[in-house]
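Enquirer: run.tsv (TSV, C-alpha atoms and all ligand atoms) pasted underneath:
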```
chain	number	residue	atom	x	y	z
G	1	MET	CA	-19.92	1.64	-43.07
G	2	THR	CA	-18.13	-0.90	-40.89
G	3	ARG	CA	-18.92	-1.12	-37.23
G	4	ASP	CA	-16.70	0.86	-34.80
G	5	PRO	CA	-15.10	-1.84	-32.63
G	6	PHE	CA	-14.80	0.66	-29.77
G	7	GLU	CA	-18.46	1.69	-29.68
G	8	TRP	CA	-18.98	-0.13	-26.38
G	9	ILE	CA	-16.37	2.10	-24.76
G	10	GLY	CA	-18.50	5.16	-25.56
G	11	ASP	CA	-21.50	3.44	-23.92
G	12	ARG	CA	-19.44	2.80	-20.81
G	13	ALA	CA	-18.27	6.45	-20.71
G	14	ALA	CA	-21.87	7.67	-20.93
G	15	ALA	CA	-22.91	5.36	-18.08
G	16	ARG	CA	-20.00	6.61	-15.95
G	17	LEU	CA	-21.00	10.21	-16.60
G	18	ARG	CA	-24.63	9.49	-15.60
G	19	ALA	CA	-23.49	7.88	-12.35
G	20	GLY	CA	-21.07	10.73	-11.48
G	21	LEU	CA	-18.11	8.34	-11.56
G	22	VAL	CA	-15.83	9.89	-14.19
G	23	ARG	CA	-12.13	9.87	-13.26
G	24	GLU	CA	-9.78	12.55	-14.52
G	25	LEU	CA	-6.01	12.89	-14.55
G	26	ARG	CA	-4.86	16.19	-13.13
G	27	PRO	CA	-1.16	17.08	-12.82
G	28	ARG	CA	-0.12	17.69	-9.22
G	29	PRO	CA	0.65	21.42	-8.77
G	30	ALA	CA	4.30	22.06	-7.97
G	31	ASP	CA	3.46	24.92	-5.58
G	32	ALA	CA	4.24	24.38	-1.95
G	33	ASP	CA	1.16	26.35	-0.86
G	34	VAL	CA	-1.11	23.32	-1.02
G	35	LEU	CA	-1.32	21.29	2.16
G	36	ASP	CA	-0.92	17.69	1.04
G	37	LEU	CA	-3.18	15.15	2.76
G	38	ALA	CA	-3.72	13.18	-0.44
G	39	SER	CA	-0.37	11.52	-1.10
G	40	ASN	CA	1.09	8.46	0.62
G	41	ASP	CA	4.27	10.30	1.63
G	42	TYR	CA	3.58	9.43	5.29
G	43	LEU	CA	6.99	10.37	6.63
G	44	GLY	CA	7.51	13.42	4.41
G	45	LEU	CA	10.58	11.82	2.82
G	46	ALA	CA	9.79	12.20	-0.91
G	47	HIS	CA	11.31	15.71	-0.86
G	48	HIS	CA	13.87	15.17	1.89
G	49	PRO	CA	17.18	16.62	0.61
G	50	GLU	CA	19.13	13.49	1.59
G	51	VAL	CA	16.68	11.32	-0.33
G	52	THR	CA	16.51	13.42	-3.49
G	53	ARG	CA	20.30	13.84	-3.44
G	54	ALA	CA	20.80	10.06	-3.13
G	55	ALA	CA	18.35	9.51	-6.02
G	56	ALA	CA	20.21	12.02	-8.20
G	57	ASP	CA	23.62	10.55	-7.29
G	58	ALA	CA	22.39	7.04	-8.13
G	59	ALA	CA	21.18	8.19	-11.56
G	60	LEU	CA	24.48	9.95	-12.24
G	61	ARG	CA	26.48	6.89	-11.16
G	62	TRP	CA	24.36	4.08	-12.64
G	63	GLY	CA	22.22	5.70	-15.35
G	64	ALA	CA	18.62	6.82	-15.68
G	65	GLY	CA	17.41	3.25	-16.22
G	66	SER	CA	18.60	-0.08	-14.90
G	67	THR	CA	19.18	-1.25	-18.53
G	68	GLY	CA	17.78	-4.76	-18.20
G	69	SER	CA	16.01	-7.38	-16.16
G	70	ARG	CA	17.40	-8.10	-12.70
G	71	LEU	CA	18.89	-11.41	-13.84
G	72	VAL	CA	20.76	-9.84	-16.77
G	73	THR	CA	22.04	-6.26	-16.28
G	74	GLY	CA	19.37	-4.73	-14.02
G	75	THR	CA	20.99	-5.43	-10.65
G	76	THR	CA	23.35	-2.76	-9.27
G	77	GLU	CA	25.07	-2.88	-5.90
G	78	LEU	CA	22.35	-0.45	-4.73
G	79	HIS	CA	19.69	-3.11	-5.40
G	80	THR	CA	21.50	-5.72	-3.30
G	81	GLU	CA	22.21	-3.21	-0.50
G	82	LEU	CA	18.56	-2.18	-0.40
G	83	GLU	CA	17.43	-5.81	-0.25
G	84	ALA	CA	19.82	-6.66	2.59
G	85	GLU	CA	19.01	-3.53	4.62
G	86	LEU	CA	15.25	-3.79	4.11
G	87	ALA	CA	15.21	-7.43	5.23
G	88	ALA	CA	17.33	-6.65	8.30
G	89	PHE	CA	15.24	-3.59	9.22
G	90	CYS	CA	11.94	-5.47	9.05
G	91	GLY	CA	13.34	-8.59	10.76
G	92	PHE	CA	13.24	-11.02	7.82
G	93	GLU	CA	15.90	-13.32	6.45
G	94	ALA	CA	15.86	-11.97	2.90
G	95	ALA	CA	14.14	-9.53	0.55
G	96	LEU	CA	13.65	-9.11	-3.18
G	97	VAL	CA	12.90	-5.78	-4.83
G	98	PHE	CA	10.34	-5.46	-7.64
G	99	ALA	CA	9.30	-2.67	-10.03
G	100	THR	CA	6.22	-1.88	-7.90
G	101	GLY	CA	4.35	-3.13	-4.85
G	102	TYR	CA	1.73	-4.32	-7.34
G	103	ALA	CA	4.30	-6.53	-9.09
G	104	ALA	CA	5.58	-7.79	-5.72
G	105	ASN	CA	2.07	-8.89	-4.77
G	106	LEU	CA	1.46	-10.61	-8.12
G	107	ALA	CA	4.78	-12.42	-7.66
G	108	ALA	CA	4.19	-13.47	-4.07
G	109	VAL	CA	0.71	-14.88	-4.63
G	110	THR	CA	1.50	-16.70	-7.87
G	111	ALA	CA	4.89	-18.08	-6.81
G	112	LEU	CA	3.66	-19.31	-3.42
G	113	THR	CA	0.71	-21.27	-4.85
G	114	ALA	CA	0.02	-23.98	-7.42
G	115	ALA	CA	-2.92	-26.01	-8.67
G	116	GLY	CA	-4.41	-27.63	-5.56
G	117	THR	CA	-3.46	-24.75	-3.20
G	118	LEU	CA	-6.33	-23.06	-1.41
G	119	ILE	CA	-6.01	-19.26	-1.18
G	120	VAL	CA	-8.05	-17.68	1.60
G	121	SER	CA	-8.37	-13.97	0.85
G	122	ASP	CA	-9.86	-11.15	2.99
G	123	ALA	CA	-12.81	-9.38	1.30
G	124	GLY	CA	-11.10	-5.99	1.78
G	125	ASN	CA	-7.80	-6.88	0.11
G	126	HIS	CA	-6.02	-4.56	-2.31
G	127	ALA	CA	-6.58	-5.00	-6.06
G	128	SER	CA	-3.01	-6.28	-6.55
G	129	LEU	CA	-3.58	-9.20	-4.17
G	130	ILE	CA	-6.91	-9.92	-5.87
G	131	ASP	CA	-5.20	-9.91	-9.27
G	132	GLY	CA	-2.49	-12.21	-7.89
G	133	CYS	CA	-5.20	-14.67	-6.85
G	134	ARG	CA	-6.80	-14.43	-10.31
G	135	LEU	CA	-3.45	-15.04	-12.02
G	136	SER	CA	-2.59	-18.04	-9.86
G	137	ARG	CA	-3.68	-21.56	-10.66
G	138	ALA	CA	-5.01	-21.99	-7.15
G	139	GLU	CA	-8.62	-21.94	-5.99
G	140	THR	CA	-9.49	-18.73	-4.12
G	141	THR	CA	-12.11	-18.35	-1.44
G	142	VAL	CA	-12.95	-14.87	-0.19
G	143	VAL	CA	-13.71	-14.60	3.53
G	144	PRO	CA	-15.46	-11.74	5.38
G	145	HIS	CA	-13.29	-8.77	6.33
G	146	ARG	CA	-11.01	-9.29	9.38
G	147	ASP	CA	-12.51	-12.65	10.34
G	148	PRO	CA	-9.91	-15.20	11.61
G	149	GLU	CA	-12.69	-17.67	12.54
G	150	ALA	CA	-13.87	-17.72	8.93
G	151	VAL	CA	-10.25	-18.29	7.84
G	152	ALA	CA	-9.90	-21.17	10.33
G	153	LYS	CA	-13.10	-22.74	9.00
G	154	GLU	CA	-11.87	-22.62	5.39
G	155	LEU	CA	-8.48	-24.04	6.36
G	156	GLY	CA	-10.13	-26.80	8.40
G	157	ALA	CA	-12.25	-27.87	5.43
G	158	HIS	CA	-9.27	-28.10	3.06
G	159	ASP	CA	-6.77	-30.92	2.81
G	160	GLY	CA	-3.56	-29.69	1.19
G	161	PRO	CA	-1.40	-26.57	0.90
G	162	ALA	CA	-3.02	-23.23	1.72
G	163	LEU	CA	-2.11	-19.55	1.60
G	164	VAL	CA	-3.92	-16.93	3.66
G	165	VAL	CA	-3.69	-13.49	2.08
G	166	THR	CA	-4.40	-10.16	3.75
G	167	ASP	CA	-3.53	-6.47	3.74
G	168	SER	CA	-2.03	-5.36	7.08
G	169	VAL	CA	-3.58	-1.89	6.91
G	170	PHE	CA	-6.56	-1.84	4.56
G	171	SER	CA	-6.22	0.94	2.03
G	172	VAL	CA	-9.82	2.13	2.01
G	173	ASP	CA	-10.72	2.52	5.70
G	174	GLY	CA	-7.23	2.33	7.25
G	175	ASP	CA	-8.23	-0.46	9.64
G	176	CYS	CA	-5.77	-3.25	10.53
G	177	ALA	CA	-5.87	-7.02	10.04
G	178	PRO	CA	-5.72	-9.18	13.20
G	179	LEU	CA	-2.28	-10.52	12.25
G	180	ALA	CA	-1.42	-12.36	15.48
G	181	ARG	CA	-4.74	-14.25	15.35
G	182	LEU	CA	-4.36	-15.01	11.65
G	183	ALA	CA	-0.84	-16.36	12.26
G	184	ALA	CA	-2.18	-18.55	15.08
G	185	VAL	CA	-4.95	-19.88	12.84
G	186	CYS	CA	-2.40	-20.71	10.10
G	187	ARG	CA	0.05	-22.48	12.44
G	188	GLU	CA	-1.87	-25.69	13.14
G	189	PRO	CA	-2.76	-26.65	9.56
G	190	GLY	CA	0.64	-25.38	8.34
G	191	ALA	CA	-0.81	-22.70	6.06
G	192	ALA	CA	1.41	-19.89	4.79
G	193	LEU	CA	0.46	-16.29	5.60
G	194	LEU	CA	1.06	-13.49	3.09
G	195	VAL	CA	0.69	-9.95	4.44
G	196	ASP	CA	0.68	-6.86	2.22
G	197	ASP	CA	2.31	-4.24	4.45
G	198	ALA	CA	2.16	-1.38	1.95
G	199	HIS	CA	0.69	1.01	4.54
G	200	GLY	CA	2.47	-0.46	7.58
G	201	LEU	CA	6.15	-0.14	6.65
G	202	GLY	CA	7.59	3.06	8.12
G	203	VAL	CA	4.48	3.67	10.22
G	204	LEU	CA	3.78	0.64	12.43
G	205	GLY	CA	6.14	-1.40	14.61
G	206	GLU	CA	9.19	-0.15	16.48
G	207	GLY	CA	10.62	2.81	14.56
G	208	GLY	CA	8.47	1.90	11.54
G	209	ARG	CA	9.67	-1.70	11.16
G	210	GLY	CA	6.23	-2.64	9.92
G	211	SER	CA	3.15	-4.63	10.87
G	212	ALA	CA	4.91	-7.94	11.37
G	213	ASP	CA	7.18	-6.29	13.95
G	214	ALA	CA	4.15	-4.65	15.61
G	215	ALA	CA	2.45	-8.05	15.90
G	216	GLY	CA	5.60	-9.79	17.19
G	217	LEU	CA	5.75	-11.87	14.01
G	218	ALA	CA	8.81	-10.52	12.16
G	219	GLY	CA	10.67	-13.42	10.59
G	220	ALA	CA	8.07	-15.94	11.80
G	221	ARG	CA	7.97	-19.33	10.10
G	222	GLY	CA	5.42	-19.44	7.29
G	223	LEU	CA	5.16	-15.64	7.04
G	224	VAL	CA	5.89	-13.60	3.91
G	225	CYS	CA	5.34	-9.82	3.72
G	226	THR	CA	5.18	-7.52	0.75
G	227	VAL	CA	5.87	-3.78	0.97
G	228	THR	CA	5.93	-0.80	-1.33
G	229	LEU	CA	8.79	1.69	-1.48
G	230	SER	CA	6.39	4.33	-2.80
G	231	LYS	CA	4.58	5.33	0.38
G	232	SER	CA	6.51	5.89	3.63
G	233	LEU	CA	9.87	5.63	1.84
G	234	GLY	CA	8.83	8.35	-0.61
G	235	SER	CA	10.31	6.55	-3.61
G	236	GLN	CA	9.03	3.88	-6.00
G	237	GLY	CA	9.07	0.08	-6.22
G	238	GLY	CA	8.04	-2.87	-4.09
G	239	ALA	CA	9.59	-5.81	-2.25
G	240	VAL	CA	8.84	-9.28	-0.91
G	241	LEU	CA	10.31	-10.17	2.51
G	242	GLY	CA	10.56	-13.70	3.85
G	243	PRO	CA	12.68	-16.79	4.50
G	244	ALA	CA	15.76	-17.07	2.22
G	245	PRO	CA	14.46	-20.19	0.38
G	246	VAL	CA	11.23	-18.34	-0.48
G	247	ILE	CA	13.18	-15.40	-1.89
G	248	GLU	CA	15.43	-17.75	-3.86
G	249	HIS	CA	12.28	-19.42	-5.23
G	250	LEU	CA	10.95	-16.03	-6.34
G	251	VAL	CA	14.22	-15.20	-8.12
G	252	ASN	CA	13.80	-18.42	-10.08
G	253	SER	CA	10.08	-18.44	-10.72
G	254	ALA	CA	8.31	-15.09	-10.23
G	255	ARG	CA	7.31	-13.84	-13.66
G	256	THR	CA	7.06	-10.18	-12.58
G	257	PHE	CA	10.66	-10.47	-11.40
G	258	ILE	CA	12.18	-12.44	-14.27
G	259	PHE	CA	10.44	-10.74	-17.20
G	260	ASP	CA	10.44	-7.16	-15.88
G	261	THR	CA	13.17	-4.51	-16.09
G	262	GLY	CA	14.99	-3.91	-12.81
G	263	LEU	CA	14.00	-0.94	-10.72
G	264	ALA	CA	15.68	2.32	-11.85
G	265	PRO	CA	18.84	3.17	-9.86
G	266	ALA	CA	17.49	6.58	-8.83
G	267	VAL	CA	14.49	5.14	-7.02
G	268	VAL	CA	16.60	2.41	-5.42
G	269	GLY	CA	19.06	5.06	-4.21
G	270	GLY	CA	16.17	7.19	-2.91
G	271	ALA	CA	14.55	4.26	-1.07
G	272	LEU	CA	17.88	3.27	0.48
G	273	ALA	CA	18.47	6.82	1.74
G	274	SER	CA	14.92	6.90	3.22
G	275	LEU	CA	15.46	3.58	4.97
G	276	ARG	CA	18.73	4.81	6.48
G	277	LEU	CA	17.00	8.03	7.61
G	278	LEU	CA	14.24	6.01	9.21
G	279	ARG	CA	16.81	3.96	11.15
G	280	ARG	CA	18.53	7.13	12.30
G	281	GLU	CA	15.30	8.98	13.15
G	282	PRO	CA	12.95	6.32	14.52
G	283	ASP	CA	10.49	8.88	15.95
G	284	ARG	CA	9.10	9.64	12.50
G	285	ALA	CA	6.77	6.62	12.65
G	286	ALA	CA	5.20	7.65	15.98
G	287	SER	CA	4.83	11.27	14.79
G	288	ALA	CA	2.93	10.08	11.72
G	289	ARG	CA	0.58	7.94	13.84
G	290	GLU	CA	0.00	10.81	16.26
G	291	ALA	CA	-0.89	13.16	13.40
G	292	ALA	CA	-3.46	10.59	12.22
G	293	HIS	CA	-5.05	10.44	15.68
G	294	ARG	CA	-5.18	14.20	16.00
G	295	LEU	CA	-6.90	14.52	12.63
G	296	HIS	CA	-9.36	11.80	13.60
G	297	TRP	CA	-10.23	13.41	16.96
G	298	GLY	CA	-10.78	16.78	15.29
G	299	LEU	CA	-13.05	15.33	12.61
G	300	THR	CA	-15.17	13.23	14.98
G	301	ASP	CA	-15.39	16.14	17.47
G	302	ALA	CA	-16.94	18.16	14.65
G	303	GLY	CA	-19.51	15.40	14.08
G	304	LEU	CA	-18.01	13.88	10.91
G	305	ASP	CA	-18.10	10.12	10.36
G	306	ALA	CA	-14.40	9.20	10.34
G	307	VAL	CA	-13.02	5.69	10.87
G	308	ALA	CA	-10.51	5.47	13.76
G	309	PRO	CA	-7.09	5.10	12.11
G	310	ASP	CA	-4.74	2.24	12.97
G	311	ALA	CA	-1.95	3.76	10.86
G	312	CYS	CA	-1.86	6.90	8.66
G	313	VAL	CA	-4.87	6.25	6.42
G	314	LEU	CA	-8.01	8.17	7.46
G	315	SER	CA	-11.37	7.61	5.88
G	316	VAL	CA	-14.25	10.11	6.21
G	317	ARG	CA	-17.65	9.06	4.92
G	318	ALA	CA	-19.49	11.20	2.37
G	319	PRO	CA	-23.20	11.00	1.51
G	320	GLY	CA	-22.55	9.88	-2.10
G	321	PRO	CA	-20.02	9.90	-4.95
G	322	GLU	CA	-20.91	13.36	-6.26
G	323	ALA	CA	-20.87	14.88	-2.77
G	324	ALA	CA	-17.46	13.30	-2.16
G	325	VAL	CA	-16.03	14.69	-5.41
G	326	HIS	CA	-17.48	18.13	-4.67
G	327	TRP	CA	-16.17	18.06	-1.07
G	328	ALA	CA	-12.66	17.11	-2.21
G	329	ALA	CA	-12.75	19.89	-4.85
G	330	GLU	CA	-13.81	22.47	-2.22
G	331	CYS	CA	-10.96	21.40	0.05
G	332	ARG	CA	-8.54	21.63	-2.85
G	333	ALA	CA	-9.78	25.12	-3.77
G	334	ALA	CA	-9.16	26.14	-0.15
G	335	GLY	CA	-5.58	24.83	-0.35
G	336	VAL	CA	-5.95	21.38	1.24
G	337	ALA	CA	-5.44	18.41	-1.08
G	338	VAL	CA	-7.37	15.28	-0.01
G	339	GLY	CA	-8.14	12.01	-1.76
G	340	CYS	CA	-11.59	10.84	-2.77
G	341	PHE	CA	-12.66	7.18	-2.94
G	342	ARG	CA	-15.86	6.12	-4.66
G	343	PRO	CA	-17.12	3.06	-6.53
G	344	PRO	CA	-15.73	1.01	-8.16
G	345	SER	CA	-12.57	1.59	-6.04
G	346	VAL	CA	-14.75	1.03	-2.97
G	347	PRO	CA	-16.88	-2.05	-3.50
G	348	ASP	CA	-19.47	-1.34	-0.81
G	349	GLY	CA	-20.86	1.72	-2.56
G	350	ILE	CA	-19.81	4.08	0.23
G	351	SER	CA	-17.92	7.16	-0.95
G	352	ARG	CA	-15.23	8.67	1.21
G	353	LEU	CA	-12.69	11.42	1.57
G	354	ARG	CA	-9.37	9.75	2.12
G	355	LEU	CA	-6.76	11.62	4.11
G	356	SER	CA	-3.18	10.61	4.73
G	357	ALA	CA	-1.52	11.81	7.91
G	358	ARG	CA	2.14	12.74	7.73
G	359	ALA	CA	4.94	12.84	10.30
G	360	ASP	CA	5.92	16.36	9.30
G	361	LEU	CA	2.51	18.05	9.76
G	362	THR	CA	2.74	21.07	12.07
G	363	ASP	CA	0.07	22.03	14.65
G	364	GLU	CA	-0.96	24.90	12.38
G	365	GLN	CA	-1.31	22.60	9.37
G	366	ILE	CA	-3.46	20.13	11.31
G	367	ALA	CA	-5.67	23.00	12.51
G	368	GLU	CA	-5.92	24.37	8.94
G	369	ALA	CA	-6.80	20.96	7.52
G	370	LEU	CA	-9.51	20.38	10.14
G	371	GLU	CA	-11.01	23.85	9.69
G	372	THR	CA	-11.18	23.40	5.90
G	373	ILE	CA	-12.57	19.87	5.87
G	374	VAL	CA	-15.21	20.65	8.49
G	375	ARG	CA	-16.23	23.97	6.88
G	376	THR	CA	-16.65	22.41	3.41
G	377	ALA	CA	-18.42	19.24	4.61
G	378	PRO	CA	-21.70	18.48	2.79
G	379	ARG	CA	-24.74	19.48	4.84
G	380	SER	CA	-27.17	16.60	5.20
G	401	LIG	N1	-0.94	-2.79	-1.74
G	401	LIG	C1	-1.64	-1.80	-1.18
G	401	LIG	C2	-2.45	-2.08	0.05
G	401	LIG	C3	-1.63	-0.51	-1.74
G	401	LIG	O1	-2.35	0.47	-1.21
G	401	LIG	C4	-0.85	-0.30	-2.90
G	401	LIG	C5	-0.76	1.07	-3.56
G	401	LIG	N2	-1.93	1.69	-3.77
G	401	LIG	C6	-0.15	-1.37	-3.45
G	401	LIG	C7	-0.20	-2.60	-2.83
G	401	LIG	C8	0.65	-1.22	-4.71
G	401	LIG	O2	1.88	-0.63	-4.45
G	401	LIG	P1	2.62	0.16	-5.62
G	401	LIG	O3	1.95	1.47	-5.72
G	401	LIG	O4	4.03	0.24	-5.18
G	401	LIG	O5	2.45	-0.66	-6.86
```
Show me this structure written as structure tokens.
Expert:
Amino acid sequence: MTRDPFEWIGDRAAARLRAGLVRELRPRPADADVLDLASNDYLGLAHHPEVTRAAADAALRWGAGSTGSRLVTGTTELHTELEAELAAFCGFEAALVFATGYAANLAAVTALTAAGTLIVSDAGNHASLIDGCRLSRAETTVVPHRDPEAVAKELGAHDGPALVVTDSVFSVDGDCAPLARLAAVCREPGAALLVDDAHGLGVLGEGGRGSADAAGLAGARGLVCTVTLSKSLGSQGGAVLGPAPVIEHLVNSARTFIFDTGLAPAVVGGALASLRLLRREPDRAASAREAAHRLHWGLTDAGLDAVAPDACVLSVRAPGPEAAVHWAAECRAAGVAVGCFRPPSVPDGISRLRLSARADLTDEQIAEALETIVRTAPRS
């Protein structure tokens, strides 16, 4: 008998099972009885009637798909409106929309670097930035988490173009990068700064204008931001924001832009409606941050080990991967959906419950969430 070429996959599955690290796909229940602290719908806009109506109208007007790549038939007037309004809202000269935030990050890192560029990357960066570094022809050095001095040292030792890459809000623990200090460190040697603001847009800055706005850096020279449309805007897709020549360069060179089908009209219409809502109702961002703080106070008051949130992401430490999975399942059975992070998604081997605060949480829902999470916590 010939050898099964996929035998090694079975070995991997067995090892995963032994370590308690098996991942399963479970459809999200459609019932409204579950309190959702697991999604990234920070502003509660994914189901907002104006947003879903705009998405439906866009599909009816422009079709279910965009029909081609952006440079051929995949650009509708909705795409160009979204790009103009997103750039203006966040305080940048121009924006370019991609199929996902992941694709936007791959594009930004690869298009802004070349052989001979030094990339300085924070150790806590999102997988999409890491993959962008791997895809680029540049040399990447990883620096300790949130350490501008280490960045300065790397930049000082390098002669030539450099790109510093960081998340604004780190997706595992919800802590923030020291953006103002990083920008200052980049200024002298003329390094570019790329900030992934996936968790900052809609939550940080005035009325949710994002992390660059919060740090007083919106539109700053040398700064490029990426965002996702799939979290606070409740839709799907990603974007790169920056100086007009950088965006024009991406249109002409970013492979995930040129060789990918344009974003579907429905999600562009949905994201545009969310953005307009956010402009009209700027208090949503502050409400989301306040909900995060209230959840954090309640958890720490009850003696749980929760990281103080800088935005809407809340991380609560669990004793191990199996305890974290069990804890999340108990919460879910009690009607509170929470996320669960464990290796290899978290490189340091610490397992966590991951909660997302939302602007539309009521006092009763916050109390219910706290009661459930505390009651089901593993006893050590
Ligand atoms: N960056 C960060 C920090 C993220 O958390 C995510 C989503 N998990 C992404 C980028 C990717 O965005 P998208 O889901 O739109 O591809």
Enquirer: If you take all atoms listed in the file and a cut-off of 10 Å, which residues of segment 153-239 of chain G touch segment 275-298 of chain G, and what are their nearest atom pairs and distances in Å to one decimal, in chain and number order, as CSV?
Expert:
```
residue,atom,partner,partner_atom,distance
G:Gly200,CA,G:Ala285,CA,9.7
G:Leu201,CA,G:Ala285,CA,9.1
G:Gly202,CA,G:Ala285,CA,5.8
G:Val203,CA,G:Ala285,CA,4.5
G:Leu204,CA,G:Ala285,CA,6.7
G:Gly205,CA,G:Ala285,CA,8.3
G:Glu206,CA,G:Pro282,CA,7.7
G:Gly207,CA,G:Pro282,CA,4.2
G:Gly208,CA,G:Ala285,CA,5.1
G:Arg209,CA,G:Ala285,CA,8.9
G:Gly210,CA,G:Ala285,CA,9.7
G:Leu229,CA,G:Leu275,CA,9.5
G:Ser232,CA,G:Ala285,CA,9.1
G:Leu233,CA,G:Leu275,CA,6.7
G:Gly234,CA,G:Leu275,CA,9.9
```
Enquirer: Compile the contact shell of Thr166 of chain G as a PyMOL selection string: residues with an atom at most 6 Å away, counting only C-alpha atoms, same-chain residues fewer than 6 positions apart removed.
Expert: chain G and resi 122+125+195
Enquirer: Output C-alpha atoms for every residue in the selection just made, as a PDB file, keeping the file's coordinate frame.
Expert:
```
ATOM      1  CA  ASP G 122      -9.860 -11.150   2.990  1.00  0.00           C
ATOM      2  CA  ASN G 125      -7.800  -6.880   0.110  1.00  0.00           C
ATOM      3  CA  VAL G 195       0.690  -9.950   4.440  1.00  0.00           C
TER       4      VAL G 195
END
```
Enquirer: Which residue is closest to Gly63 of chain G? Choose from G:Pro344, G:Gly339, G:Gly349, G:Pro265 and count only C-alpha atoms.
Expert: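 Among the listed residues, the smallest separation from Gly63 of chain G belongs to G:Pro265.
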Enquirer: Name the residues, by chain letter and number, that sit within 7 Å of ligand LIG 401 (chain G) using all atoms listed in the file, and give them as a list in words.
Expert: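 Using all atoms listed in the file, everything at most 7 Å from ligand LIG 401 (chain G) comes to Thr100, Gly101, Tyr102, Ala103, Asn105, His126, Ser128, Asp167, Val169, Phe170, Ser171, Asp196, Asp197, Ala198, His199, Thr228, Leu229, Ser230, Gln236, Gly237 and Gly238 of chain G.
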Enquirer: Adding 3 Å on each side of the box along x, y and z that holds all listed atoms of segment 71-88 of chain G, could you give its centre and edge lengths in Å to one decimal, as JSON?
Expert:
```
{"center_x": 20.1, "center_y": -5.9, "center_z": -4.2, "size_x": 15.9, "size_y": 17.0, "size_z": 31.1}
```
Enquirer: Using all atoms listed in the file, which residue out of G:Arg187, G:His48, G:His249, G:Arg255 lies closest to Ser274 of chain G?
Expert: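 Answer, going by the shortest atom-to-atom distance: G:His48.
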Enquirer: At what distance in Å, to one decimal, does atom CA of Arg137 of chain G lie from atom CA of Gly160 of chain G?
Expert: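 Here the two named atoms are 14.4 Å from each other.
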Enquirer: Just how far from atom CA of Glu330 of chain G is atom CA of Gly174 of chain G, in Å to one decimal?
Expert: 23.2 Å
Enquirer: So that I can check the surroundings of Asp147 of chain G, please list as a list in words every protein, DNA and RNA residue that reaches within 10 Å of it, counting all atoms listed in the file and ignoring chain neighbours fewer than 6 positions away.
Expert: Asp122, Ala123, Ala177, Pro178, Arg181 and Leu182 of chain G
Enquirer: What is the atom CA of Ser66 of chain G to atom CA of Ala99 of chain G distance in Å?
Expert: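 It comes out at 10.8 Å.
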Enquirer: For a quick check of understanding, using all atoms listed in the file, which of G:Ser351, G:Ser235, G:Thr113, G:Thr80 has the smallest distance to Tyr42 of chain G?
Expert: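 For Tyr42 of chain G, the nearest of the given residues is G:Ser235.
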Enquirer: Excluding Thr76 of chain G and residues on its chain fewer than 3 positions from it, collect all residues at most 10 Å away from it, counting all atoms listed in the file, and give them as a short mmCIF file (atom, residue, chain, number, x, y, z; two decimals) with C-alpha atoms, in the frame of the given file.
Expert:
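Output below, filename result_28.cif:
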```
data_model
loop_
_atom_site.label_atom_id
_atom_site.label_comp_id
_atom_site.auth_asym_id
_atom_site.auth_seq_id
_atom_site.Cartn_x
_atom_site.Cartn_y
_atom_site.Cartn_z
CA ALA G 58 22.39 7.04 -8.13
CA TRP G 62 24.36 4.08 -12.64
CA SER G 66 18.60 -0.08 -14.90
CA ARG G 70 17.40 -8.10 -12.70
CA THR G 73 22.04 -6.26 -16.28
CA HIS G 79 19.69 -3.11 -5.40
CA THR G 80 21.50 -5.72 -3.30
CA GLU G 81 22.21 -3.21 -0.50
CA GLY G 262 14.99 -3.91 -12.81
CA LEU G 263 14.00 -0.94 -10.72
CA ALA G 264 15.68 2.32 -11.85
CA PRO G 265 18.84 3.17 -9.86
CA VAL G 268 16.60 2.41 -5.42
#
```
